[in-house]
Each structure stands twice: as C-alpha cells, then as structure tokens.
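Asks: Pasting target32.txt below, which is compact mmCIF, C-alpha atoms and all ligand atoms.
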```
# COMPACT_ATOMS: atom_id res chain seq x y z
CA MET A 1 129.93 128.74 67.44
CA ASN A 2 126.93 131.01 67.13
CA ARG A 3 126.74 134.44 68.65
CA MET A 4 124.49 133.63 71.59
CA ARG A 5 126.60 130.71 72.66
CA ALA A 6 129.77 132.83 72.38
CA LEU A 7 128.25 135.54 74.58
CA ALA A 8 127.14 133.03 77.17
CA LEU A 9 130.61 131.52 77.36
CA ALA A 10 132.16 134.97 77.61
CA ALA A 11 129.90 135.76 80.54
CA VAL A 12 130.91 132.58 82.32
CA VAL A 13 134.62 133.37 81.85
CA ALA A 14 134.22 137.01 82.93
CA GLY A 15 132.27 136.01 86.04
CA SER A 16 134.85 133.51 87.20
CA ALA A 17 137.65 136.05 86.78
CA PHE A 18 136.20 138.43 89.36
CA VAL A 19 134.78 136.06 91.97
CA PRO A 20 137.29 133.97 93.90
CA ALA A 21 135.99 130.44 94.31
CA ALA A 22 136.31 130.56 98.11
CA ALA A 23 134.12 133.66 98.33
CA THR A 24 131.30 132.15 96.31
CA ALA A 25 128.25 131.16 98.34
CA PRO A 26 127.37 127.46 98.04
CA LEU A 27 124.99 126.96 95.17
CA THR A 28 121.88 124.88 95.68
CA MET A 29 121.41 124.65 91.94
CA ALA A 30 124.15 124.76 89.33
CA ALA A 31 123.58 127.02 86.34
CA PRO A 32 122.94 125.04 83.16
CA PRO A 33 125.82 124.97 80.69
CA PRO A 34 125.43 127.26 77.67
CA CYS A 35 122.79 126.21 75.19
CA SER A 36 120.94 128.00 72.41
CA GLU A 37 117.53 127.72 70.77
CA GLU A 38 118.69 130.04 67.97
CA PRO A 39 117.82 128.39 64.62
CA ARG A 40 120.81 127.36 62.51
CA GLU A 41 121.44 125.54 59.25
CA ASN A 42 122.66 122.16 60.41
CA PRO A 43 123.64 119.11 58.37
CA ILE A 44 121.11 116.27 58.58
CA SER A 45 122.62 113.69 56.22
CA GLU A 46 123.20 111.16 59.01
CA PHE A 47 119.45 110.85 59.52
CA THR A 48 117.45 108.56 57.24
CA SER A 49 116.04 110.50 54.29
CA TYR A 50 112.78 109.58 52.59
CA ASP A 51 114.58 107.76 49.74
CA GLU A 52 116.79 105.93 52.23
CA LEU A 53 113.68 104.95 54.19
CA LEU A 54 112.23 103.23 51.12
CA VAL A 55 115.45 101.28 50.63
CA GLU A 56 115.75 100.37 54.31
CA LEU A 57 112.13 99.23 54.69
CA ASP A 58 112.55 97.10 51.60
CA ARG A 59 115.72 95.57 53.03
CA ILE A 60 114.12 94.83 56.40
CA GLU A 61 111.12 93.27 54.71
CA ARG A 62 113.39 90.97 52.68
CA VAL A 63 115.71 89.87 55.51
CA SER A 64 112.79 89.32 57.90
CA ALA A 65 111.71 86.22 55.97
CA GLY A 66 108.06 87.20 55.97
CA ARG A 67 107.87 88.65 59.48
CA VAL A 68 107.77 92.30 58.39
CA ALA A 69 105.27 93.44 55.77
CA VAL A 70 105.56 96.90 54.23
CA GLU A 71 102.69 98.58 52.45
CA THR A 72 101.70 101.96 51.05
CA VAL A 73 98.67 103.41 52.80
CA GLY A 74 98.28 106.78 51.16
CA GLU A 75 100.07 109.69 49.57
CA SER A 76 101.39 112.91 51.04
CA ASN A 77 100.23 116.20 49.59
CA ARG A 78 103.24 116.27 47.26
CA GLY A 79 102.72 112.67 46.20
CA ARG A 80 105.18 110.77 48.39
CA ASP A 81 104.00 107.33 49.47
CA MET A 82 102.93 107.00 53.11
CA LEU A 83 104.65 103.80 54.28
CA LEU A 84 103.52 101.38 56.93
CA ALA A 85 105.41 98.38 58.31
CA ARG A 86 103.73 95.62 60.26
CA VAL A 87 105.33 92.89 62.33
CA GLY A 88 103.92 90.35 64.79
CA THR A 89 100.78 88.27 64.93
CA GLY A 90 99.54 89.02 68.45
CA PRO A 91 96.02 90.00 69.47
CA LYS A 92 96.97 93.46 70.81
CA VAL A 93 98.02 96.19 68.41
CA ALA A 94 100.57 98.93 69.05
CA LEU A 95 100.65 101.79 66.55
CA VAL A 96 103.83 103.89 66.37
CA THR A 97 104.08 107.08 64.30
CA ALA A 98 107.09 109.34 63.80
CA GLU A 99 108.20 112.64 62.27
CA ILE A 100 104.81 114.32 61.92
CA HIS A 101 107.05 117.35 62.38
CA GLY A 102 109.62 117.05 59.58
CA ASN A 103 112.49 118.48 61.65
CA GLU A 104 112.19 115.77 64.33
CA LYS A 105 114.29 112.97 62.95
CA THR A 106 115.35 110.46 65.60
CA GLY A 107 111.91 108.78 65.50
CA PRO A 108 112.19 107.21 62.03
CA ASP A 109 115.68 105.87 62.79
CA ALA A 110 114.57 104.36 66.10
CA VAL A 111 111.56 102.77 64.39
CA LEU A 112 113.79 101.25 61.70
CA ASP A 113 116.05 99.80 64.41
CA LEU A 114 112.99 98.37 66.14
CA LEU A 115 111.62 96.83 62.93
CA ASP A 116 115.02 95.34 62.21
CA PHE A 117 115.12 93.79 65.71
CA LEU A 118 111.57 92.46 65.60
CA GLY A 119 112.00 91.21 62.05
CA THR A 120 115.29 89.38 62.48
CA SER A 121 115.90 88.52 66.13
CA ASP A 122 115.26 85.04 67.50
CA SER A 123 115.66 86.27 71.09
CA SER A 124 112.92 85.34 73.52
CA ARG A 125 111.99 89.00 73.92
CA ALA A 126 111.52 89.54 70.20
CA LYS A 127 109.53 86.31 69.97
CA GLN A 128 107.29 87.34 72.86
CA ILE A 129 106.57 90.72 71.27
CA ARG A 130 105.82 89.09 67.91
CA GLU A 131 103.51 86.53 69.51
CA GLN A 132 101.64 88.85 71.85
CA LEU A 133 101.53 92.04 69.79
CA THR A 134 100.95 93.29 66.29
CA VAL A 135 103.28 96.26 65.88
CA VAL A 136 102.28 98.73 63.19
CA ALA A 137 104.78 101.49 62.46
CA MET A 138 104.47 104.55 60.24
CA PRO A 139 108.01 105.97 60.42
CA LYS A 140 107.63 109.22 58.42
CA ILE A 141 104.09 110.59 58.44
CA ASN A 142 104.99 114.04 57.13
CA PRO A 143 107.40 113.10 54.32
CA ASP A 144 107.05 116.45 52.52
CA GLY A 145 107.99 118.38 55.66
CA ALA A 146 110.79 115.88 56.29
CA ALA A 147 112.22 116.51 52.80
CA LEU A 148 112.22 120.25 53.56
CA ASP A 149 113.57 119.59 57.08
CA ARG A 150 110.83 121.71 58.63
CA ARG A 151 107.92 121.35 61.03
CA GLY A 152 104.99 122.05 58.69
CA ASN A 153 103.87 120.04 55.68
CA ASP A 154 103.91 121.40 52.10
CA MET A 155 100.32 122.40 51.31
CA THR A 156 98.47 125.60 50.52
CA TRP A 157 95.05 126.66 51.77
CA GLN A 158 93.98 126.87 48.13
CA GLU A 159 94.73 123.16 47.73
CA VAL A 160 92.58 122.45 50.78
CA GLN A 161 89.75 124.51 49.34
CA ALA A 162 89.98 122.67 46.04
CA ARG A 163 89.54 119.36 47.87
CA PHE A 164 86.78 120.63 50.16
CA PRO A 165 84.54 122.97 48.12
CA GLN A 166 82.47 123.74 51.23
CA LEU A 167 85.50 125.77 52.43
CA ALA A 168 85.62 128.00 49.32
CA THR A 169 85.01 131.22 51.26
CA THR A 170 86.43 130.05 54.62
CA PRO A 171 89.61 131.65 56.04
CA PRO A 172 92.60 129.34 56.60
CA SER A 173 92.92 127.30 59.76
CA TRP A 174 94.95 128.80 62.63
CA ASN A 175 97.79 126.30 62.15
CA TYR A 176 98.55 127.48 58.59
CA TYR A 177 102.13 128.76 58.36
CA THR A 178 102.88 131.53 55.85
CA GLU A 179 105.66 133.31 57.73
CA PRO A 180 109.11 132.44 59.09
CA ARG A 181 109.17 129.88 61.87
CA GLN A 182 112.12 127.98 63.43
CA GLY A 183 114.35 129.51 60.74
CA ASP A 184 112.16 128.24 57.89
CA ASP A 185 110.42 130.70 55.56
CA TYR A 186 106.93 129.48 54.72
CA SER A 187 106.01 132.55 52.65
CA GLN A 188 106.83 130.95 49.29
CA ARG A 189 105.92 127.44 50.36
CA PRO A 190 103.18 127.49 52.98
CA GLY A 191 102.24 124.52 55.11
CA PHE A 192 100.32 123.34 58.14
CA ASP A 193 101.18 122.00 61.56
CA VAL A 194 99.72 118.61 60.69
CA ASN A 195 99.73 117.65 64.35
CA ARG A 196 96.65 119.77 65.01
CA ASP A 197 94.62 118.31 62.14
CA TYR A 198 93.19 115.26 63.95
CA ASN A 199 89.63 115.10 65.23
CA PRO A 200 88.40 112.72 67.96
CA ASP A 201 85.37 112.11 65.73
CA LEU A 202 87.12 109.87 63.21
CA ASP A 203 84.23 110.35 60.75
CA TYR A 204 84.44 114.15 60.90
CA GLN A 205 84.13 116.10 57.64
CA PRO A 206 85.34 119.75 57.48
CA GLN A 207 82.65 122.36 58.24
CA PRO A 208 83.18 126.10 57.60
CA GLN A 209 82.01 127.06 61.10
CA ASP A 210 84.87 125.03 62.62
CA PHE A 211 87.52 127.37 61.13
CA PRO A 212 89.94 128.91 61.92
CA GLY A 213 89.81 126.83 65.12
CA SER A 214 92.53 126.92 67.78
CA SER A 215 95.09 124.71 69.52
CA ASP A 216 92.58 123.63 72.18
CA ARG A 217 89.96 122.68 69.58
CA PRO A 218 89.83 119.57 67.36
CA GLY A 219 91.26 119.64 63.84
CA TRP A 220 89.58 118.73 60.55
CA PHE A 221 91.47 115.95 58.73
CA ILE A 222 92.18 118.39 55.88
CA SER A 223 95.67 116.97 55.18
CA PRO A 224 96.29 113.73 53.26
CA GLU A 225 98.86 112.84 55.91
CA THR A 226 96.43 112.79 58.87
CA GLN A 227 93.79 111.16 56.71
CA ALA A 228 96.19 108.27 56.04
CA VAL A 229 96.97 107.81 59.75
CA ARG A 230 93.29 108.01 60.64
CA ASP A 231 92.40 105.41 58.01
CA VAL A 232 95.07 103.07 59.37
CA TYR A 233 93.75 103.59 62.91
CA ARG A 234 90.19 102.83 61.84
CA SER A 235 91.18 99.71 59.94
CA LEU A 236 93.10 98.48 63.01
CA GLN A 237 90.05 99.18 65.19
CA ALA A 238 87.98 97.08 62.79
CA GLU A 239 90.52 94.26 62.81
CA PHE A 240 91.44 94.18 66.52
CA GLY A 241 88.44 95.80 68.20
CA ALA A 242 90.70 98.52 69.65
CA VAL A 243 94.17 99.98 69.20
CA ASP A 244 95.72 99.06 72.55
CA THR A 245 98.71 101.39 72.42
CA TYR A 246 99.59 104.51 70.44
CA ILE A 247 103.05 106.10 70.54
CA ASP A 248 103.99 109.32 68.75
CA LEU A 249 107.65 110.35 68.45
CA HIS A 250 108.68 114.03 68.63
CA HIS A 251 111.50 116.41 69.53
CA GLN A 252 111.37 119.45 71.83
CA GLY A 253 113.56 122.40 72.83
CA ALA A 254 117.30 121.75 73.16
CA CYS A 255 117.96 123.53 76.46
CA TYR A 256 115.53 122.08 79.00
CA THR A 257 117.06 120.62 82.15
CA VAL A 258 116.29 118.03 84.79
CA PRO A 259 115.05 120.04 87.83
CA GLY A 260 117.72 120.87 90.38
CA THR A 261 120.54 119.83 88.06
CA ASP A 262 122.50 121.21 85.11
CA ARG A 263 121.78 118.09 83.06
CA PHE A 264 119.98 118.57 79.77
CA VAL A 265 116.82 116.55 79.33
CA THR A 266 117.42 113.63 76.98
CA LEU A 267 113.75 112.86 76.52
CA SER A 268 110.42 113.88 78.04
CA LEU A 269 107.40 111.63 78.27
CA SER A 270 103.69 112.27 78.56
CA GLY A 271 100.43 110.38 78.73
CA LYS A 272 98.22 113.42 79.22
CA PHE A 273 96.91 115.44 76.27
CA VAL A 274 93.25 116.26 76.98
CA ALA A 275 91.07 116.73 80.03
CA ASP A 276 89.35 113.60 81.33
CA PRO A 277 86.05 113.39 79.42
CA ALA A 278 84.37 112.33 82.67
CA SER A 279 85.40 115.65 84.32
CA PRO A 280 83.75 119.08 83.88
CA GLU A 281 86.84 120.36 81.98
CA GLY A 282 86.49 117.52 79.50
CA ALA A 283 82.73 117.83 79.05
CA ALA A 284 83.11 118.58 75.33
CA TYR A 285 84.33 114.99 74.91
CA ALA A 286 81.89 113.32 77.31
CA GLU A 287 80.96 110.82 74.60
CA PHE A 288 84.46 109.33 74.95
CA ALA A 289 84.26 108.79 78.72
CA GLY A 290 83.64 105.10 78.18
CA THR A 291 86.75 104.49 76.07
CA PHE A 292 89.23 106.87 77.78
CA ARG A 293 91.94 105.00 79.75
CA PRO A 294 94.22 107.60 81.39
CA GLU A 295 95.62 105.14 83.96
CA TYR A 296 96.75 102.79 81.20
CA SER A 297 98.51 105.68 79.45
CA LYS A 298 100.34 106.34 82.72
CA GLN A 299 101.39 102.68 83.01
CA LEU A 300 102.76 102.71 79.46
CA ASN A 301 104.77 105.84 80.24
CA VAL A 302 106.13 104.24 83.41
CA ALA A 303 107.25 101.26 81.32
CA ALA A 304 109.26 103.58 79.06
CA TYR A 305 110.64 105.52 82.02
CA ASN A 306 111.74 102.38 83.87
CA ALA A 307 113.48 100.98 80.80
CA LEU A 308 115.43 104.22 80.35
CA GLN A 309 116.38 104.45 84.02
CA ALA A 310 117.67 100.87 83.85
CA ALA A 311 119.74 101.80 80.80
CA ALA A 312 121.27 104.73 82.70
CA ASN A 313 123.70 102.20 84.21
CA ARG A 314 125.31 102.01 80.77
CA ASN A 315 125.00 105.70 79.89
CA PRO A 316 123.88 108.30 82.45
CA GLU A 317 122.22 110.35 79.70
CA PHE A 318 119.47 107.73 79.43
CA GLY A 319 118.55 108.69 83.00
CA ASN A 320 117.84 112.34 82.15
CA ILE A 321 114.13 111.76 81.59
CA THR A 322 111.37 114.18 82.61
CA LEU A 323 107.62 114.56 82.34
CA TYR A 324 106.36 116.82 79.55
CA PRO A 325 104.11 119.71 80.73
CA GLN A 326 100.78 118.31 81.87
CA ASP A 327 98.67 121.45 81.37
CA THR A 328 97.90 120.62 77.75
CA ASN A 329 94.52 120.38 76.05
CA LEU A 330 95.22 119.17 72.53
CA PRO A 331 92.32 117.20 71.01
CA GLY A 332 93.68 117.99 67.52
CA THR A 333 96.85 115.96 68.05
CA GLY A 334 97.05 112.30 67.11
CA LEU A 335 97.71 111.50 70.75
CA GLY A 336 94.69 113.42 72.05
CA THR A 337 92.42 112.02 69.35
CA PHE A 338 93.48 108.38 69.70
CA GLN A 339 93.60 108.51 73.50
CA LEU A 340 89.97 109.64 73.54
CA ASN A 341 89.19 106.73 71.21
CA GLY A 342 90.53 104.25 73.76
CA SER A 343 94.26 103.85 73.14
CA GLY A 344 96.84 104.04 75.88
CA ALA A 345 99.00 106.88 74.56
CA VAL A 346 102.63 107.91 74.95
CA LEU A 347 104.40 111.06 73.75
CA PHE A 348 108.18 111.00 73.31
CA GLU A 349 109.88 114.42 73.16
CA VAL A 350 113.57 114.04 72.36
CA ARG A 351 116.04 116.85 72.96
CA GLY A 352 116.48 119.43 70.17
CA GLN A 353 115.05 119.74 66.67
CA THR A 354 117.34 119.80 63.65
CA GLN A 355 117.55 123.61 63.59
CA THR A 356 119.15 123.64 67.04
CA LEU A 357 121.01 120.36 67.57
CA GLY A 358 121.23 119.03 64.01
CA GLU A 359 122.98 115.66 64.20
CA GLU A 360 124.56 116.30 67.61
CA HIS A 361 123.97 113.37 69.98
CA ARG A 362 122.08 111.60 67.17
CA ALA A 363 123.11 108.07 68.07
CA MET A 364 122.46 108.50 71.80
CA LEU A 365 119.09 110.21 71.32
CA THR A 366 117.95 107.63 68.76
CA ARG A 367 119.00 104.88 71.15
CA ALA A 368 117.01 106.53 73.96
CA VAL A 369 113.88 106.44 71.79
CA TYR A 370 114.56 102.81 70.94
CA ILE A 371 114.99 101.86 74.61
CA GLY A 372 111.74 103.58 75.52
CA LEU A 373 109.84 101.93 72.66
CA ASP A 374 111.25 98.53 73.49
CA GLY A 375 110.40 99.07 77.16
CA ILE A 376 106.77 99.74 76.33
CA LEU A 377 106.35 96.88 73.85
CA SER A 378 108.13 94.37 76.10
CA SER A 379 105.99 95.40 79.05
CA VAL A 380 102.73 95.12 77.12
CA ALA A 381 103.76 91.81 75.54
CA SER A 382 104.71 90.24 78.89
CA GLY A 383 101.67 91.65 80.69
CA GLN A 384 103.99 93.41 83.15
CA VAL A 385 102.45 96.77 82.26
CA GLU A 386 99.28 95.82 84.15
CA HIS A 387 101.30 95.62 87.37
CA LEU A 388 103.01 98.99 87.04
CA ASP A 389 101.84 101.67 89.47
CA PRO A 390 100.17 104.56 87.60
CA ALA A 391 101.18 106.82 90.50
CA ALA A 392 104.83 106.31 89.50
CA TYR A 393 104.00 108.46 86.47
CA ASP A 394 103.28 111.43 88.71
CA ARG A 395 106.69 110.99 90.36
CA ILE A 396 108.60 111.44 87.07
CA PRO A 397 110.42 114.78 87.50
CA PRO A 398 108.82 117.71 85.65
CA THR A 399 110.80 119.50 82.95
CA ASP A 400 112.72 122.64 83.91
CA ARG A 401 112.15 124.86 80.89
CA GLY A 402 114.10 127.76 82.39
CA LYS A 403 114.02 130.99 80.42
CA GLN A 404 115.66 129.59 77.34
CA THR A 405 112.57 128.32 75.55
CA MET A 406 110.92 130.08 72.65
CA THR A 407 108.00 127.67 72.69
CA ALA A 408 104.76 127.97 74.63
CA THR A 409 104.27 125.16 77.12
CA THR A 410 100.94 124.23 75.59
CA ASP A 411 102.55 123.52 72.22
CA ILE A 412 103.50 119.89 71.64
CA GLU A 413 106.84 120.35 69.98
ZN ZN B 501 106.87 117.48 67.21
```
Represent the structure of the file as structure tokens.

Replies:
Amino acid sequence: MNRMRALALAAVVAGSAFVPAAATAPLTMAAPPPCSEEPRENPISEFTSYDELLVELDRIERVSAGRVAVETVGESNRGRDMLLARVGTGPKVALVTAEIHGNEKTGPDAVLDLLDFLGTSDSSRAKQIREQLTVVAMPKINPDGAALDRRGNDMTWQEVQARFPQLATTPPSWNYYTEPRQGDDYSQRPGFDVNRDYNPDLDYQPQPQDFPGSSDRPGWFISPETQAVRDVYRSLQAEFGAVDTYIDLHHQGACYTVPGTDRFVTLSLSGKFVADPASPEGAAYAEFAGTFRPEYSKQLNVAAYNALQAAANRNPEFGNITLYPQDTNLPGTGLGTFQLNGSGAVLFEVRGQTQTLGEEHRAMLTRAVYIGLDGILSSVASGQVEHLDPAAYDRIPPTDRGKQTMTATTDIE
C-alpha cells in the first residue's frame, strides 16, 4: 500500500470512530473510496509485449485461413516494425489504433481479441462485419514507448533536426519531454507525446515558424510513428474513398467517478476533439467543413455506450461509462486530424495507466474495450448506427474528475 492510500484509509477509520452513524446527516453523494494517482512501479507482464504481439499476430494470421493479413507499414524511431492487421472485405473501412501512449496497454490486447474473433468465428455477427467492413488495426503505434512502459516515444530533438534540416536552428516542439513525468525520467532518454504530432493537412511538411506550437495547434508529422499512421490513412482514403470510422484507444486517470456515485469510471468515451469547422471557433479549419461529420461521431459513440450498458447485466462495471471532457481543441491528435478529414471518430479512455493501476482489473478493462469496439463495428456493419439518436451522446453522464486528478482536462490522456 502506498503512503497516500494509507493516509486516506486512516482518515476514513478515524472519522468513523468519532461520528456515531445515527448522528450522521444523510449523504446525497457518497465519498469515493480511496484511490491514488501517485506513480508507482507496477508489473506489466500480463499485458502483451511487443515481442508477444509479433507472435500473436502471426498466430492469428495463420489460424484465420486467409481472413487476417498482417503487414509491416513502417518503422518506429528505434527500428521496431509498425504492424498492421487487416480483416474483412467490406466497402466501409474502420481504422483502429492503440497504445500511442506506451503506458496504456489494454488497447492492444482488446484489438488482438477482436482480430482473433473476426479471423476465426463463423458466427453471423462476425460474418456480417467481415462482409460489410474492412477492419484495419494498428495495435501498438508507439512500440518504443510501449517497451519503456511510458507515455512518450524514444526520440531526441537532434534526431528530428537530422531528418528535417530546415529545423536546424528551431527550438524543440512543446510536446518534447526531457524531465520527469508520470514517474518516468526523460532526461537521459527524451521523447515526444506522439499524440500531438498529427496535422489535419495530411501533406504537411515541418516549417520552422510552426514551432514550438501548442496543444491547441496542429502537429508536424515529425515522428516515424505518426508518419506511418498517416500513410496508412491516406492509402485507405485512396482505396475506399474515405475512412468511415476511426477509433483510438487510450487510458486516463485512475480515480475519476461516475457523477453522483462512488463508482470509478471504467471507460470514458468522446466524439469531440476540435471545434466545428463551420463555426467561428473552428474557422482555422474551415476548409474541412465539407468533410466534418460530428453527428456520425456521436452515433458511433452511442453504439459503444449502448453495447457497454447492455453488458452491465453481466458485470455492473461495464455500466460505469462516462463522457470524456468536451472542452477540448486538439487538432494535433489522430482523432482531431482524422475527424476533420471526414472520419467518424471515437476516443476510448480506460481507467488508469500502468503507473497507477498496473495490471489491476486488466481482464475486465480489456473486455470493456472489446465490448465497445464490437458494439461500434456491429452497428456500422448492420447499418443500425444510422438509426441511433446523436442526442443520446449528450445524455452520457459527464466524468466527475474530483480533486484527485493531476492531469489538465484539455489533455487527452
Ligand atoms: Zn493516451
């Protein structure tokens, strides 16, 4: 037990000793049980490592009898292959990416479960998804960060400058980590928050005047990892005309609660990442007004939400789903960038990164991601998504972040 948790428990015990239950005023809201965002060294061996991912993708490809195709679509900064798996022959494409933050590890495992299901199941649901959709999954898009079990990738500004000589005298981008963060020391091994490196202009080339930039500005495609995802997105656009659906899998703080309850949030969803390019706030992206489909993003989120609420009959924790903060303006994220380019977009934010929860609740949280993914794909494949009410999105409960968060609300975690 860490110190903060011990103190919190001590306070609970001390309080109950002095206040007789009968004298306590009725509470309208129960206090959340103790929880800590204090970074710790946690074991992670139950999650799929990079080497295990290679083995598992190879296995799924073999047992799928030709349904799943795995290919290498690039290299990380430290030379690890960027893997992509594709299944289905349908006319609509759904792109799923996971673990752009290397300490957010349920996504790859849920994606592997999904690929295994789609590759091997003869159920009518699996068949319908394979026939109506082409599912393209990139399960570990920051493999260097994943190997270090940390948020940032493993890349120095000097390496960026060597690749882009026009940046030779430019200061590093704002999302360059060189100091401790989430218990990881970047001073000897710097890296970037890769999830701010996307740019809605998919042809963008880095320009010195666009640095250091900021969280509410586009990124630059300076990392090999975002370049690989961008290239996949563009090739899918060329093949299918548009990427119908884009889902990005993350983790968030460990101690958020469902409003009015003491239940920890299992997973938060979002379909809002940038201001509507047709509105004054989104004027900088007016050129994307024709492709932007915010209502479709809401319908996709509702599909995930409904699937999880239905699963709450089996396990109440699947019902603890909230809406991620909606006051974000993040054009440099994959979600913001691809949503502007016309994809319906869904953010999954599972409870607790490895430095807080480690492997705790791993199976349940991975299953929650799987249920949400399956809910979206099934709904798109059946056409049901078109009949979902976008207004139901706005009725998903917001997230109660309490006072226990160390993360700004405008930071996709
Ligand atoms: Zn994240």

Asks: Can you sort out the box for stretch 371-385 of chain A, edges along x, y and z, all listed atoms in, 8 Å on every side, with centre and edge lengths in Å to one decimal, as lines of an AutoDock Vina configuration file?

Replies:
```
center_x = 108.3
center_y = 96.9
center_z = 77.9
size_x = 29.3
size_y = 29.3
size_z = 26.5
```

Asks: So that I can check the surroundings of A:Thr245, please list as a PyMOL selection string every protein, DNA and RNA residue that reaches within 12 Å of it, counting only C-alpha atoms and ignoring chain neighbours fewer than 2 positions away.

Replies: chain A and resi 92-97+133-137+233+236-237+240+242-243+247-248+271+293-294+296-301+335+338-339+341-347+373+376-377+379-381+385

Asks: Could you save the residues just selected, with C-alpha atoms, as an mmCIF file, in the frame of the given file?

Replies:
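Final file, result.cif:
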```cif
data_model
loop_
_atom_site.group_PDB
_atom_site.id
_atom_site.type_symbol
_atom_site.label_atom_id
_atom_site.label_comp_id
_atom_site.auth_asym_id
_atom_site.auth_seq_id
_atom_site.Cartn_x
_atom_site.Cartn_y
_atom_site.Cartn_z
ATOM 1 C CA LYS A 92 96.970 93.460 70.810
ATOM 2 C CA VAL A 93 98.020 96.190 68.410
ATOM 3 C CA ALA A 94 100.570 98.930 69.050
ATOM 4 C CA LEU A 95 100.650 101.790 66.550
ATOM 5 C CA VAL A 96 103.830 103.890 66.370
ATOM 6 C CA THR A 97 104.080 107.080 64.300
ATOM 7 C CA LEU A 133 101.530 92.040 69.790
ATOM 8 C CA THR A 134 100.950 93.290 66.290
ATOM 9 C CA VAL A 135 103.280 96.260 65.880
ATOM 10 C CA VAL A 136 102.280 98.730 63.190
ATOM 11 C CA ALA A 137 104.780 101.490 62.460
ATOM 12 C CA TYR A 233 93.750 103.590 62.910
ATOM 13 C CA LEU A 236 93.100 98.480 63.010
ATOM 14 C CA GLN A 237 90.050 99.180 65.190
ATOM 15 C CA PHE A 240 91.440 94.180 66.520
ATOM 16 C CA ALA A 242 90.700 98.520 69.650
ATOM 17 C CA VAL A 243 94.170 99.980 69.200
ATOM 18 C CA ILE A 247 103.050 106.100 70.540
ATOM 19 C CA ASP A 248 103.990 109.320 68.750
ATOM 20 C CA GLY A 271 100.430 110.380 78.730
ATOM 21 C CA ARG A 293 91.940 105.000 79.750
ATOM 22 C CA PRO A 294 94.220 107.600 81.390
ATOM 23 C CA TYR A 296 96.750 102.790 81.200
ATOM 24 C CA SER A 297 98.510 105.680 79.450
ATOM 25 C CA LYS A 298 100.340 106.340 82.720
ATOM 26 C CA GLN A 299 101.390 102.680 83.010
ATOM 27 C CA LEU A 300 102.760 102.710 79.460
ATOM 28 C CA ASN A 301 104.770 105.840 80.240
ATOM 29 C CA LEU A 335 97.710 111.500 70.750
ATOM 30 C CA PHE A 338 93.480 108.380 69.700
ATOM 31 C CA GLN A 339 93.600 108.510 73.500
ATOM 32 C CA ASN A 341 89.190 106.730 71.210
ATOM 33 C CA GLY A 342 90.530 104.250 73.760
ATOM 34 C CA SER A 343 94.260 103.850 73.140
ATOM 35 C CA GLY A 344 96.840 104.040 75.880
ATOM 36 C CA ALA A 345 99.000 106.880 74.560
ATOM 37 C CA VAL A 346 102.630 107.910 74.950
ATOM 38 C CA LEU A 347 104.400 111.060 73.750
ATOM 39 C CA LEU A 373 109.840 101.930 72.660
ATOM 40 C CA ILE A 376 106.770 99.740 76.330
ATOM 41 C CA LEU A 377 106.350 96.880 73.850
ATOM 42 C CA SER A 379 105.990 95.400 79.050
ATOM 43 C CA VAL A 380 102.730 95.120 77.120
ATOM 44 C CA ALA A 381 103.760 91.810 75.540
ATOM 45 C CA VAL A 385 102.450 96.770 82.260
#
```

Asks: Compile a residue-level contact table for stretch 128-215 of chain A against stretch 276-289 of chain A at a cut-off of 12 Å, reporting for every qualifying residue the shortest atom pair and its distance in Å to one decimal, with all atoms listed in the file counted, rows ordered by chain and ascending number, as a Markdown table.

Replies:
```
| residue | atom | partner | partner_atom | distance |
| --- | --- | --- | --- | --- |
| A:Asn199 | CA | A:Tyr285 | CA | 11.0 |
| A:Pro200 | CA | A:Tyr285 | CA | 8.4 |
| A:Asp201 | CA | A:Phe288 | CA | 9.7 |
```

Asks: Report, in Å to a single decimal, how far apart atom CA of A:Arg150 and atom CA of A:Asp193 are.

Replies: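 Pair atom CA of A:Asp193 / atom CA of A:Arg150 returns 10.1 Å.
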
Asks: Determine the nearest neighbour of ligand ZN 501 (chain B) from the options A:Gln326, A:Asn306, A:Ser214, A:Thr354, counting all atoms listed in the file.

Replies: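 When distances to ligand ZN 501 (chain B) are compared using all atoms listed in the file, the smallest one comes from A:Thr354.
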
Asks: Within 12 Å of A:Val369, counting only C-alpha atoms, which residues qualify if same-chain residues fewer than 5 places away don't, as a PyMOL selection string?

Replies: chain A and resi 96+98+105-114+247-251+266-269+304-305+307-308+311+318+321+346-351+362-364+374-376

Asks: Residues within 7 Å of ligand ZN 501 (chain B), counting all atoms listed in the file: report them as a PyMOL selection string.

Replies: chain A and resi 100-101+104+250-252+412-413
